[in-house]
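A.B. asks: Below is protein-v2.pdb; it holds PDB, C-alpha atoms.
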```
MODEL        1
ATOM      1  CA  MET A  49     -29.308  45.951  -0.948  1.00  0.00           C
ATOM      2  CA  SER A  50     -29.127  46.046   2.845  1.00  0.00           C
ATOM      3  CA  GLN A  51     -26.016  44.930   4.624  1.00  0.00           C
ATOM      4  CA  VAL A  52     -27.844  41.942   6.136  1.00  0.00           C
ATOM      5  CA  ALA A  53     -29.056  40.764   2.745  1.00  0.00           C
ATOM      6  CA  GLU A  54     -25.575  41.153   1.337  1.00  0.00           C
ATOM      7  CA  GLU A  55     -24.052  39.040   4.116  1.00  0.00           C
ATOM      8  CA  THR A  56     -26.680  36.333   3.692  1.00  0.00           C
ATOM      9  CA  GLU A  57     -25.924  36.215   0.003  1.00  0.00           C
ATOM     10  CA  SER A  58     -22.174  35.935   0.477  1.00  0.00           C
ATOM     11  CA  GLU A  59     -22.651  33.166   3.051  1.00  0.00           C
ATOM     12  CA  ALA A  60     -24.763  31.230   0.588  1.00  0.00           C
ATOM     13  CA  ALA A  61     -22.118  31.725  -2.079  1.00  0.00           C
ATOM     14  CA  ALA A  62     -19.442  30.460   0.311  1.00  0.00           C
ATOM     15  CA  GLU A  63     -21.469  27.348   1.008  1.00  0.00           C
ATOM     16  CA  ALA A  64     -21.814  26.614  -2.672  1.00  0.00           C
ATOM     17  CA  VAL A  65     -18.075  26.666  -3.377  1.00  0.00           C
ATOM     18  CA  VAL A  66     -16.976  23.310  -4.675  1.00  0.00           C
ATOM     19  CA  LYS A  67     -13.278  22.660  -4.791  1.00  0.00           C
ATOM     20  CA  LYS A  68     -11.371  19.881  -6.441  1.00  0.00           C
ATOM     21  CA  PHE A  69      -9.823  17.692  -3.755  1.00  0.00           C
ATOM     22  CA  MET A  70      -7.406  14.909  -4.547  1.00  0.00           C
ATOM     23  CA  PHE A  71      -6.279  12.393  -1.963  1.00  0.00           C
ATOM     24  CA  VAL A  72      -3.013  10.743  -2.900  1.00  0.00           C
ATOM     25  CA  SER A  73      -2.350   7.311  -1.413  1.00  0.00           C
ATOM     26  CA  ARG A  74       1.272   6.162  -1.646  1.00  0.00           C
ATOM     27  CA  LYS A  75       1.636   3.649   1.197  1.00  0.00           C
ATOM     28  CA  ALA A  76       0.951  -0.077   1.421  1.00  0.00           C
ATOM     29  CA  PRO A  77      -1.810  -1.201   3.799  1.00  0.00           C
ATOM     30  CA  TYR A  78      -1.138  -2.628   7.313  1.00  0.00           C
ATOM     31  CA  GLY A  79       2.618  -1.879   7.529  1.00  0.00           C
ATOM     32  CA  THR A  80       1.715   1.674   8.469  1.00  0.00           C
ATOM     33  CA  ILE A  81      -1.610   3.305   9.304  1.00  0.00           C
ATOM     34  CA  TYR A  82      -1.489   5.820   6.412  1.00  0.00           C
ATOM     35  CA  ALA A  83      -3.634   3.904   3.926  1.00  0.00           C
ATOM     36  CA  LEU A  84      -6.435   3.319   6.443  1.00  0.00           C
ATOM     37  CA  GLU A  85      -6.324   6.862   7.851  1.00  0.00           C
ATOM     38  CA  GLY A  86      -6.326   8.256   4.335  1.00  0.00           C
ATOM     39  CA  LEU A  87      -9.398   6.236   3.448  1.00  0.00           C
ATOM     40  CA  GLU A  88     -11.195   7.506   6.548  1.00  0.00           C
ATOM     41  CA  VAL A  89     -10.430  11.103   5.617  1.00  0.00           C
ATOM     42  CA  VAL A  90     -11.806  10.431   2.137  1.00  0.00           C
ATOM     43  CA  LEU A  91     -15.045   9.095   3.648  1.00  0.00           C
ATOM     44  CA  ILE A  92     -15.324  12.164   5.883  1.00  0.00           C
ATOM     45  CA  SER A  93     -14.721  14.432   2.902  1.00  0.00           C
ATOM     46  CA  ALA A  94     -17.783  12.933   1.229  1.00  0.00           C
ATOM     47  CA  ALA A  95     -19.940  14.830   3.731  1.00  0.00           C
ATOM     48  CA  PHE A  96     -18.783  18.197   2.369  1.00  0.00           C
ATOM     49  CA  ASN A  97     -20.096  17.868  -1.188  1.00  0.00           C
ATOM     50  CA  GLN A  98     -16.756  18.541  -2.788  1.00  0.00           C
ATOM     51  CA  ASP A  99     -15.291  17.260  -6.038  1.00  0.00           C
ATOM     52  CA  VAL A 100     -13.220  14.410  -4.624  1.00  0.00           C
ATOM     53  CA  SER A 101     -10.825  12.121  -6.414  1.00  0.00           C
ATOM     54  CA  LEU A 102      -8.373   9.480  -5.206  1.00  0.00           C
ATOM     55  CA  ALA A 103      -4.989   8.733  -6.672  1.00  0.00           C
ATOM     56  CA  PHE A 104      -3.070   5.547  -6.009  1.00  0.00           C
ATOM     57  CA  LEU A 105       0.592   5.448  -6.823  1.00  0.00           C
ATOM     58  CA  ASP A 106       3.783   3.772  -5.627  1.00  0.00           C
ATOM     59  CA  ASP A 107       3.035   1.248  -2.831  1.00  0.00           C
ATOM     60  CA  GLY A 108      -0.446   2.802  -2.525  1.00  0.00           C
ATOM     61  CA  VAL A 109      -1.637   0.502  -5.305  1.00  0.00           C
ATOM     62  CA  TYR A 110      -1.182  -2.497  -2.981  1.00  0.00           C
ATOM     63  CA  ALA A 111      -4.126  -1.280  -0.880  1.00  0.00           C
ATOM     64  CA  LEU A 112      -6.480  -2.139  -3.750  1.00  0.00           C
ATOM     65  CA  LEU A 113      -5.369  -5.758  -4.203  1.00  0.00           C
ATOM     66  CA  LYS A 114      -8.124  -8.363  -4.040  1.00  0.00           C
ATOM     67  CA  GLY A 115      -7.954 -11.289  -1.629  1.00  0.00           C
ATOM     68  CA  GLN A 116      -6.671  -9.602   1.539  1.00  0.00           C
ATOM     69  CA  GLN A 117      -7.181 -11.779   4.634  1.00  0.00           C
ATOM     70  CA  THR A 118      -6.171 -10.142   7.888  1.00  0.00           C
ATOM     71  CA  LYS A 119      -7.604 -12.596  10.417  1.00  0.00           C
ATOM     72  CA  ALA A 120      -4.203 -13.818  11.643  1.00  0.00           C
ATOM     73  CA  LEU A 121      -2.993 -10.227  11.971  1.00  0.00           C
ATOM     74  CA  GLU A 122      -5.991  -9.334  14.114  1.00  0.00           C
ATOM     75  CA  VAL A 123      -6.509  -6.054  12.289  1.00  0.00           C
ATOM     76  CA  LYS A 124      -9.461  -4.972  10.198  1.00  0.00           C
ATOM     77  CA  ASN A 125      -9.339  -5.782   6.502  1.00  0.00           C
ATOM     78  CA  PHE A 126     -10.372  -2.378   5.198  1.00  0.00           C
ATOM     79  CA  SER A 127     -10.042  -3.170   1.496  1.00  0.00           C
ATOM     80  CA  PRO A 128     -13.815  -3.789   1.012  1.00  0.00           C
ATOM     81  CA  THR A 129     -14.398  -0.206   2.175  1.00  0.00           C
ATOM     82  CA  TYR A 130     -13.044   1.030  -1.154  1.00  0.00           C
ATOM     83  CA  ARG A 131     -16.127  -0.555  -2.707  1.00  0.00           C
ATOM     84  CA  ALA A 132     -18.324   1.670  -0.529  1.00  0.00           C
ATOM     85  CA  LEU A 133     -16.880   4.885  -1.969  1.00  0.00           C
ATOM     86  CA  GLU A 134     -19.241   4.690  -4.934  1.00  0.00           C
ATOM     87  CA  GLY A 135     -22.159   4.992  -2.489  1.00  0.00           C
ATOM     88  CA  TYR A 136     -20.752   8.326  -1.359  1.00  0.00           C
ATOM     89  CA  ASP A 137     -20.460   9.549  -4.952  1.00  0.00           C
ATOM     90  CA  ILE A 138     -16.698   9.202  -4.880  1.00  0.00           C
ATOM     91  CA  GLU A 139     -16.134   7.595  -8.238  1.00  0.00           C
ATOM     92  CA  LYS A 140     -12.896   9.098  -9.484  1.00  0.00           C
ATOM     93  CA  LEU A 141     -10.253   6.548  -8.587  1.00  0.00           C
ATOM     94  CA  TYR A 142      -7.021   6.882 -10.530  1.00  0.00           C
ATOM     95  CA  VAL A 143      -4.293   4.265 -10.420  1.00  0.00           C
ATOM     96  CA  GLU A 144      -0.881   4.845 -11.914  1.00  0.00           C
ATOM     97  CA  ARG A 145       0.032   2.381 -14.638  1.00  0.00           C
ATOM     98  CA  GLU A 146       3.768   2.493 -13.898  1.00  0.00           C
ATOM     99  CA  SER A 147       3.191   1.667 -10.223  1.00  0.00           C
ATOM    100  CA  LEU A 148       1.112  -1.396 -11.143  1.00  0.00           C
ATOM    101  CA  ALA A 149       3.687  -2.556 -13.688  1.00  0.00           C
ATOM    102  CA  ALA A 150       6.599  -2.161 -11.268  1.00  0.00           C
ATOM    103  CA  ARG A 151       4.804  -4.471  -8.822  1.00  0.00           C
ATOM    104  CA  GLY A 152       3.549  -7.107 -11.270  1.00  0.00           C
ATOM    105  CA  ILE A 153      -0.092  -6.191 -10.619  1.00  0.00           C
ATOM    106  CA  ARG A 154      -2.792  -6.364 -13.278  1.00  0.00           C
ATOM    107  CA  GLU A 155      -5.880  -4.151 -13.302  1.00  0.00           C
ATOM    108  CA  ASP A 156      -8.157  -7.215 -12.918  1.00  0.00           C
ATOM    109  CA  GLN A 157      -6.519  -7.941  -9.538  1.00  0.00           C
ATOM    110  CA  LEU A 158      -7.934  -4.733  -8.071  1.00  0.00           C
ATOM    111  CA  ILE A 159     -10.953  -4.749  -5.765  1.00  0.00           C
ATOM    112  CA  VAL A 160     -12.760  -1.782  -7.387  1.00  0.00           C
ATOM    113  CA  PRO A 161     -13.150  -0.394 -10.897  1.00  0.00           C
ATOM    114  CA  VAL A 162     -10.512   2.264 -11.449  1.00  0.00           C
ATOM    115  CA  GLN A 163      -9.147   4.423 -14.179  1.00  0.00           C
ATOM    116  CA  VAL A 164      -5.567   3.445 -14.960  1.00  0.00           C
ATOM    117  CA  VAL A 165      -3.513   6.450 -16.022  1.00  0.00           C
ATOM    118  CA  ASP A 166       0.159   6.910 -16.787  1.00  0.00           C
ATOM    119  CA  ALA A 167       2.409   9.160 -14.711  1.00  0.00           C
ATOM    120  CA  LYS A 168       2.092  12.027 -17.160  1.00  0.00           C
ATOM    121  CA  GLU A 169      -1.712  11.900 -17.019  1.00  0.00           C
ATOM    122  CA  MET A 170      -1.530  11.638 -13.227  1.00  0.00           C
ATOM    123  CA  ALA A 171       0.614  14.768 -13.138  1.00  0.00           C
ATOM    124  CA  ALA A 172      -1.948  16.590 -15.281  1.00  0.00           C
ATOM    125  CA  LEU A 173      -4.769  15.505 -12.939  1.00  0.00           C
ATOM    126  CA  MET A 174      -2.798  16.811  -9.982  1.00  0.00           C
ATOM    127  CA  GLU A 175      -2.359  20.148 -11.743  1.00  0.00           C
ATOM    128  CA  GLN A 176      -6.147  20.490 -12.028  1.00  0.00           C
ATOM    129  CA  GLN A 177      -6.749  20.255  -8.274  1.00  0.00           C
ATOM    130  CA  ASP A 178      -7.451  23.007  -5.758  1.00  0.00           C
ATOM    131  CA  VAL A 179      -6.324  20.909  -2.812  1.00  0.00           C
ATOM    132  CA  ILE A 180      -4.077  17.841  -2.699  1.00  0.00           C
ATOM    133  CA  ILE A 181      -3.723  15.807   0.469  1.00  0.00           C
ATOM    134  CA  GLY A 182      -1.189  13.015   0.581  1.00  0.00           C
ATOM    135  CA  PHE A 183      -1.070   9.861   2.686  1.00  0.00           C
TER     136      PHE A 183
ATOM    137  CA  MET B 100      22.450 -15.160  11.922  1.00  0.00           C
ATOM    138  CA  LEU B 101      18.796 -14.390  11.276  1.00  0.00           C
ATOM    139  CA  HIS B 102      18.153 -11.197   9.331  1.00  0.00           C
ATOM    140  CA  ILE B 103      14.706  -9.620   9.638  1.00  0.00           C
ATOM    141  CA  VAL B 104      13.401  -7.012   7.191  1.00  0.00           C
ATOM    142  CA  ASN B 105      10.022  -5.278   7.608  1.00  0.00           C
ATOM    143  CA  LYS B 106       9.839  -2.513   4.985  1.00  0.00           C
ATOM    144  CA  SER B 107       8.736  -2.527   1.351  1.00  0.00           C
ATOM    145  CA  PRO B 108      11.711  -2.405  -1.047  1.00  0.00           C
ATOM    146  CA  TYR B 109      10.096   0.647  -2.682  1.00  0.00           C
ATOM    147  CA  GLU B 110       9.893   2.426   0.635  1.00  0.00           C
ATOM    148  CA  LYS B 111      13.357   1.897   2.066  1.00  0.00           C
ATOM    149  CA  SER B 112      16.768   0.517   1.163  1.00  0.00           C
ATOM    150  CA  SER B 113      16.843  -1.848   4.138  1.00  0.00           C
ATOM    151  CA  LEU B 114      16.427  -5.014   2.050  1.00  0.00           C
ATOM    152  CA  THR B 115      19.239  -4.010  -0.324  1.00  0.00           C
ATOM    153  CA  SER B 116      21.451  -3.207   2.613  1.00  0.00           C
ATOM    154  CA  CYS B 117      20.588  -6.447   4.368  1.00  0.00           C
ATOM    155  CA  LEU B 118      21.337  -8.541   1.273  1.00  0.00           C
ATOM    156  CA  ALA B 119      24.680  -6.797   0.873  1.00  0.00           C
ATOM    157  CA  HIS B 120      25.638  -7.762   4.412  1.00  0.00           C
ATOM    158  CA  ALA B 121      24.108 -11.222   4.851  1.00  0.00           C
ATOM    159  CA  SER B 122      26.708 -14.018   4.881  1.00  0.00           C
ATOM    160  CA  LYS B 123      26.211 -17.303   3.082  1.00  0.00           C
ATOM    161  CA  GLY B 124      24.188 -19.741   5.152  1.00  0.00           C
ATOM    162  CA  SER B 125      22.288 -17.033   7.012  1.00  0.00           C
ATOM    163  CA  ALA B 126      18.525 -16.849   7.217  1.00  0.00           C
ATOM    164  CA  LEU B 127      16.404 -13.964   5.985  1.00  0.00           C
ATOM    165  CA  LEU B 128      12.882 -13.454   7.284  1.00  0.00           C
ATOM    166  CA  LEU B 129      10.581 -11.001   5.502  1.00  0.00           C
ATOM    167  CA  ILE B 130       7.749  -9.606   7.615  1.00  0.00           C
ATOM    168  CA  GLU B 131       5.146  -6.798   7.371  1.00  0.00           C
ATOM    169  CA  ASP B 132       5.557  -4.731   4.164  1.00  0.00           C
ATOM    170  CA  ALA B 133       8.804  -6.545   3.313  1.00  0.00           C
ATOM    171  CA  VAL B 134       6.784  -9.592   2.200  1.00  0.00           C
ATOM    172  CA  TYR B 135       5.993  -7.720  -1.036  1.00  0.00           C
ATOM    173  CA  ALA B 136       9.664  -8.187  -1.975  1.00  0.00           C
ATOM    174  CA  ALA B 137       9.076 -11.940  -2.245  1.00  0.00           C
ATOM    175  CA  THR B 138       6.157 -11.609  -4.685  1.00  0.00           C
ATOM    176  CA  LYS B 139       6.401 -12.209  -8.415  1.00  0.00           C
ATOM    177  CA  GLY B 140       6.695  -9.035 -10.457  1.00  0.00           C
ATOM    178  CA  ASN B 141       8.078  -6.943  -7.604  1.00  0.00           C
ATOM    179  CA  SER B 142      11.289  -5.075  -8.433  1.00  0.00           C
ATOM    180  CA  ALA B 143      13.067  -7.069  -5.713  1.00  0.00           C
ATOM    181  CA  GLU B 144      12.054 -10.451  -7.179  1.00  0.00           C
ATOM    182  CA  ALA B 145      15.415 -11.027  -8.875  1.00  0.00           C
ATOM    183  CA  ASP B 146      17.305 -10.090  -5.700  1.00  0.00           C
ATOM    184  CA  ILE B 147      15.198 -12.491  -3.667  1.00  0.00           C
ATOM    185  CA  ARG B 148      15.680 -15.312  -6.195  1.00  0.00           C
ATOM    186  CA  ARG B 149      19.427 -14.730  -6.047  1.00  0.00           C
ATOM    187  CA  ALA B 150      19.307 -14.631  -2.254  1.00  0.00           C
ATOM    188  CA  THR B 151      17.650 -18.056  -2.104  1.00  0.00           C
ATOM    189  CA  GLN B 152      20.851 -19.539  -3.595  1.00  0.00           C
ATOM    190  CA  GLU B 153      22.935 -18.513  -0.589  1.00  0.00           C
ATOM    191  CA  LEU B 154      20.447 -17.809   2.191  1.00  0.00           C
ATOM    192  CA  THR B 155      17.360 -19.515   3.496  1.00  0.00           C
ATOM    193  CA  VAL B 156      14.610 -17.025   2.783  1.00  0.00           C
ATOM    194  CA  TYR B 157      11.374 -17.013   4.760  1.00  0.00           C
ATOM    195  CA  ALA B 158       8.250 -14.848   4.577  1.00  0.00           C
ATOM    196  CA  LEU B 159       5.650 -14.531   7.309  1.00  0.00           C
ATOM    197  CA  GLY B 160       2.403 -16.184   6.188  1.00  0.00           C
ATOM    198  CA  PRO B 161      -0.071 -13.967   8.086  1.00  0.00           C
ATOM    199  CA  ASP B 162       1.531 -10.871   6.504  1.00  0.00           C
ATOM    200  CA  LEU B 163       1.312 -12.409   3.013  1.00  0.00           C
ATOM    201  CA  GLU B 164      -2.335 -13.303   3.572  1.00  0.00           C
ATOM    202  CA  ALA B 165      -3.302  -9.912   4.968  1.00  0.00           C
ATOM    203  CA  ARG B 166      -1.919  -8.295   1.825  1.00  0.00           C
ATOM    204  CA  GLY B 167      -3.537 -10.765  -0.580  1.00  0.00           C
ATOM    205  CA  VAL B 168      -0.195 -11.891  -2.023  1.00  0.00           C
ATOM    206  CA  ARG B 169       0.282 -15.403  -0.669  1.00  0.00           C
ATOM    207  CA  ALA B 170      -0.418 -16.952  -4.089  1.00  0.00           C
ATOM    208  CA  SER B 171       2.229 -14.866  -5.857  1.00  0.00           C
ATOM    209  CA  ILE B 172       5.172 -15.844  -3.652  1.00  0.00           C
ATOM    210  CA  VAL B 173       8.527 -16.343  -5.378  1.00  0.00           C
ATOM    211  CA  ASP B 174       9.590 -20.015  -5.671  1.00  0.00           C
ATOM    212  CA  GLY B 175      12.169 -21.023  -3.091  1.00  0.00           C
ATOM    213  CA  VAL B 176      10.843 -18.729  -0.374  1.00  0.00           C
ATOM    214  CA  LYS B 177       9.516 -20.630   2.630  1.00  0.00           C
ATOM    215  CA  VAL B 178       6.372 -19.485   4.380  1.00  0.00           C
ATOM    216  CA  VAL B 179       6.319 -19.561   8.187  1.00  0.00           C
ATOM    217  CA  ASP B 180       3.616 -18.732  10.724  1.00  0.00           C
ATOM    218  CA  TYR B 181       4.108 -16.900  14.039  1.00  0.00           C
ATOM    219  CA  GLY B 182       5.281 -20.129  15.690  1.00  0.00           C
ATOM    220  CA  GLY B 183       7.845 -20.526  12.911  1.00  0.00           C
ATOM    221  CA  PHE B 184       8.990 -16.950  13.514  1.00  0.00           C
ATOM    222  CA  VAL B 185       9.643 -17.777  17.169  1.00  0.00           C
ATOM    223  CA  ASP B 186      11.489 -20.977  16.189  1.00  0.00           C
ATOM    224  CA  LEU B 187      13.738 -19.046  13.803  1.00  0.00           C
ATOM    225  CA  VAL B 188      14.653 -16.539  16.506  1.00  0.00           C
ATOM    226  CA  ALA B 189      15.338 -19.370  18.972  1.00  0.00           C
ATOM    227  CA  GLU B 190      17.395 -21.403  16.477  1.00  0.00           C
ATOM    228  CA  HIS B 191      19.789 -18.624  15.552  1.00  0.00           C
ATOM    229  CA  ARG B 192      22.448 -17.397  17.927  1.00  0.00           C
ATOM    230  CA  THR B 193      21.985 -13.810  16.766  1.00  0.00           C
ATOM    231  CA  ASN B 194      19.391 -11.887  14.857  1.00  0.00           C
ATOM    232  CA  GLN B 195      19.464  -8.521  13.225  1.00  0.00           C
ATOM    233  CA  SER B 196      16.479  -6.320  12.437  1.00  0.00           C
ATOM    234  CA  TRP B 197      17.007  -4.022   9.464  1.00  0.00           C
ATOM    235  CA  LEU B 198      14.530  -1.306  10.446  1.00  0.00           C
TER     236      LEU B 198
ENDMDL
END
```
How does the structure come out when it is put into structure tokens?

C.D. replies:
Amino acid sequence: MSQVAEETESEAAAEAVVKKFMFVSRKAPYGTIYALEGLEVVLISAAFNQDVSLAFLDDGVYALLKGQQTKALEVKNFSPTYRALEGYDIEKLYVERESLAARGIREDQLIVPVQVVDAKEMAALMEQQDVIIGF
Amino acid sequence: MLHIVNKSPYEKSSLTSCLAHASKGSALLLIEDAVYAATKGNSAEADIRRATQELTVYALGPDLEARGVRASIVDGVKVVDYGGFVDLVAEHRTNQSWL
């Protein structure tokens, strides 16, 4: 095999690498910009054909609450954007059971379908990742 | 004295600290992420209920609405709008922000 052919092949292989990315959201919406910025990074990541999942724990679960109305705050209500993730093939949304329970939130109060997992399962999911980015 | 808290009770100890230092008859205003403290099921619910016995506790309506939690407010907590916020600051001789 010529050197050129070899390089072309390795470039193609590099392009095909799919890594497991997990974005971990731990902040409430609006009080800080983390939840919104995190969501934007997730949307950008969709362009790279990676294996993306989202984890919501601690105050991060508040971002998924239904019924947010931000008109008086004069900021964008970005909660409906979580519904758009499905359209980008981002369908692995994990929410920690303990975080919901500690805040009196039920699964049916969330704006998107999610998989509720306990902390131990969440830890196992984190262990499976190649890259974890926290917000 | 008007005490103002703006952080989630899970995020910072500012609410706990504020409640430990607020004298009877004072006012407490919860704004931004601190409004979660005044919602049913939050770990701070019991503290807020207790606080309403000695303090007048307020939460900022626009912040409750933005977060979708207006309906789950703890009984005894009064909801104020931005005008009410200004009134509270004007009515009290001093105010303290627990950042």

A.B. asks: Starting from the PyMOL selection byres ((chain A and resi 155-165) around 9), expand the selection into actual residues of this file and give them as number ranges by chain.

C.D. replies: A: 109-115, 127-128, 130-131, 139-146, 148, 153-154, 166-170

A.B. asks: Counting only C-alpha atoms, collect the residues of chain A whose closest atom lies at most 8 Å from chain B, and write them out as a ChimeraX atom specification.

C.D. replies: /A:76-79,106-107,110-111,113-121,125,149-153

A.B. asks: With C-alpha atoms retained, could you export that selection as a PDB file, in the frame of the given file?

C.D. replies:
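File produced: result.pdb:
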```
ATOM      1  CA  ALA A  76       0.951  -0.077   1.421  1.00  0.00           C
ATOM      2  CA  PRO A  77      -1.810  -1.201   3.799  1.00  0.00           C
ATOM      3  CA  TYR A  78      -1.138  -2.628   7.313  1.00  0.00           C
ATOM      4  CA  GLY A  79       2.618  -1.879   7.529  1.00  0.00           C
ATOM      5  CA  ASP A 106       3.783   3.772  -5.627  1.00  0.00           C
ATOM      6  CA  ASP A 107       3.035   1.248  -2.831  1.00  0.00           C
ATOM      7  CA  TYR A 110      -1.182  -2.497  -2.981  1.00  0.00           C
ATOM      8  CA  ALA A 111      -4.126  -1.280  -0.880  1.00  0.00           C
ATOM      9  CA  LEU A 113      -5.369  -5.758  -4.203  1.00  0.00           C
ATOM     10  CA  LYS A 114      -8.124  -8.363  -4.040  1.00  0.00           C
ATOM     11  CA  GLY A 115      -7.954 -11.289  -1.629  1.00  0.00           C
ATOM     12  CA  GLN A 116      -6.671  -9.602   1.539  1.00  0.00           C
ATOM     13  CA  GLN A 117      -7.181 -11.779   4.634  1.00  0.00           C
ATOM     14  CA  THR A 118      -6.171 -10.142   7.888  1.00  0.00           C
ATOM     15  CA  LYS A 119      -7.604 -12.596  10.417  1.00  0.00           C
ATOM     16  CA  ALA A 120      -4.203 -13.818  11.643  1.00  0.00           C
ATOM     17  CA  LEU A 121      -2.993 -10.227  11.971  1.00  0.00           C
ATOM     18  CA  ASN A 125      -9.339  -5.782   6.502  1.00  0.00           C
ATOM     19  CA  ALA A 149       3.687  -2.556 -13.688  1.00  0.00           C
ATOM     20  CA  ALA A 150       6.599  -2.161 -11.268  1.00  0.00           C
ATOM     21  CA  ARG A 151       4.804  -4.471  -8.822  1.00  0.00           C
ATOM     22  CA  GLY A 152       3.549  -7.107 -11.270  1.00  0.00           C
ATOM     23  CA  ILE A 153      -0.092  -6.191 -10.619  1.00  0.00           C
TER      24      ILE A 153
END
```

A.B. asks: Evaluating the PyMOL selection byres ((chain B and resi 154) around 7) on the displayed file yields which residues, as a ChimeraX atom specification?

C.D. replies: /B:123-127,150-153,155-156

A.B. asks: Restricted to C-alpha atoms, what would the selected residues look like written as a tab-separated table (two decimals), keeping the file's coordinate frame?

C.D. replies:
```
chain	number	residue	atom	x	y	z
B	123	LYS	CA	26.21	-17.30	3.08
B	124	GLY	CA	24.19	-19.74	5.15
B	125	SER	CA	22.29	-17.03	7.01
B	126	ALA	CA	18.52	-16.85	7.22
B	127	LEU	CA	16.40	-13.96	5.98
B	150	ALA	CA	19.31	-14.63	-2.25
B	151	THR	CA	17.65	-18.06	-2.10
B	152	GLN	CA	20.85	-19.54	-3.60
B	153	GLU	CA	22.94	-18.51	-0.59
B	155	THR	CA	17.36	-19.52	3.50
B	156	VAL	CA	14.61	-17.02	2.78
```

A.B. asks: Provide the atom CA of B:Ala158 to atom CA of A:Leu84 distance in Å, to one decimal place.

C.D. replies: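 Rounded to one decimal, the two atoms are 23.4 Å apart.
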
A.B. asks: Would you mind listing what lies within 9 Å of B:His191 as a list in words, with all atoms listed in the file counted and same-chain residues fewer than 5 positions away left out?

C.D. replies: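 The residues satisfying every condition are Met100, Leu101, Ala126 and Asp186 of chain B.
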
A.B. asks: Distance atom CA of A:Ala95-atom CA of A:Lys75, one decimal place?

C.D. replies: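 Rounded to one decimal, the two atoms are 24.4 Å apart.
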
A.B. asks: With the file shown as input, list the residues that the PyMOL selection byres ((chain A and resi 101) around 12) selects, as an mmCIF file with C-alpha atoms, keeping the file's coordinate frame.

C.D. replies:
```
data_model
loop_
_atom_site.group_PDB
_atom_site.id
_atom_site.type_symbol
_atom_site.label_atom_id
_atom_site.label_comp_id
_atom_site.auth_asym_id
_atom_site.auth_seq_id
_atom_site.Cartn_x
_atom_site.Cartn_y
_atom_site.Cartn_z
ATOM 1 C CA LYS A 67 -13.278 22.660 -4.791
ATOM 2 C CA LYS A 68 -11.371 19.881 -6.441
ATOM 3 C CA PHE A 69 -9.823 17.692 -3.755
ATOM 4 C CA MET A 70 -7.406 14.909 -4.547
ATOM 5 C CA PHE A 71 -6.279 12.393 -1.963
ATOM 6 C CA VAL A 72 -3.013 10.743 -2.900
ATOM 7 C CA SER A 73 -2.350 7.311 -1.413
ATOM 8 C CA LEU A 87 -9.398 6.236 3.448
ATOM 9 C CA VAL A 90 -11.806 10.431 2.137
ATOM 10 C CA LEU A 91 -15.045 9.095 3.648
ATOM 11 C CA SER A 93 -14.721 14.432 2.902
ATOM 12 C CA ALA A 94 -17.783 12.933 1.229
ATOM 13 C CA GLN A 98 -16.756 18.541 -2.788
ATOM 14 C CA ASP A 99 -15.291 17.260 -6.038
ATOM 15 C CA VAL A 100 -13.220 14.410 -4.624
ATOM 16 C CA LEU A 102 -8.373 9.480 -5.206
ATOM 17 C CA ALA A 103 -4.989 8.733 -6.672
ATOM 18 C CA PHE A 104 -3.070 5.547 -6.009
ATOM 19 C CA LEU A 133 -16.880 4.885 -1.969
ATOM 20 C CA GLU A 134 -19.241 4.690 -4.934
ATOM 21 C CA TYR A 136 -20.752 8.326 -1.359
ATOM 22 C CA ASP A 137 -20.460 9.549 -4.952
ATOM 23 C CA ILE A 138 -16.698 9.202 -4.880
ATOM 24 C CA GLU A 139 -16.134 7.595 -8.238
ATOM 25 C CA LYS A 140 -12.896 9.098 -9.484
ATOM 26 C CA LEU A 141 -10.253 6.548 -8.587
ATOM 27 C CA TYR A 142 -7.021 6.882 -10.530
ATOM 28 C CA VAL A 143 -4.293 4.265 -10.420
ATOM 29 C CA VAL A 162 -10.512 2.264 -11.449
ATOM 30 C CA GLN A 163 -9.147 4.423 -14.179
ATOM 31 C CA MET A 170 -1.530 11.638 -13.227
ATOM 32 C CA LEU A 173 -4.769 15.505 -12.939
ATOM 33 C CA MET A 174 -2.798 16.811 -9.982
ATOM 34 C CA GLN A 176 -6.147 20.490 -12.028
ATOM 35 C CA GLN A 177 -6.749 20.255 -8.274
ATOM 36 C CA ASP A 178 -7.451 23.007 -5.758
ATOM 37 C CA VAL A 179 -6.324 20.909 -2.812
ATOM 38 C CA ILE A 180 -4.077 17.841 -2.699
ATOM 39 C CA ILE A 181 -3.723 15.807 0.469
ATOM 40 C CA GLY A 182 -1.189 13.015 0.581
#
```

A.B. asks: Could you check how far atom CA of B:Lys111 sits from atom CA of B:Leu187, in Å to one decimal?

C.D. replies: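 Atom CA of B:Lys111 sits 24.0 Å away from atom CA of B:Leu187.
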
A.B. asks: As a VMD selection string, please: the residues near B:Ser116 (cut-off 12 Å, all atoms listed in the file, same-chain neighbours under 3 positions excluded).

C.D. replies: chain B and resid 102 to 104 106 108 111 to 113 119 to 121 146 196 to 198

A.B. asks: Quick one: of A:Phe183, A:Val65, A:Lys124, A:Arg74, who's nearest to A:Gly86, counting only C-alpha atoms?

C.D. replies: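 With only C-alpha atoms as the atom set, the closest residue is A:Phe183.
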
A.B. asks: Produce the centre coordinates and the three edge lengths, each in Å to one decimal, of the box along x, y and z that contains all listed atoms of stretch 86-105 of chain A with 3 Å added on each side, as lines of an AutoDock Vina configuration file.

C.D. replies:
```
center_x = -9.8
center_y = 12.0
center_z = -0.1
size_x = 26.7
size_y = 19.1
size_z = 19.4
```

A.B. asks: Of the candidates A:Tyr82, A:Val123, A:Glu88, A:Leu105, which shows the shortest atom-to-atom distance to A:Ser147, using only C-alpha atoms?

C.D. replies: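 Closest candidate: A:Leu105.
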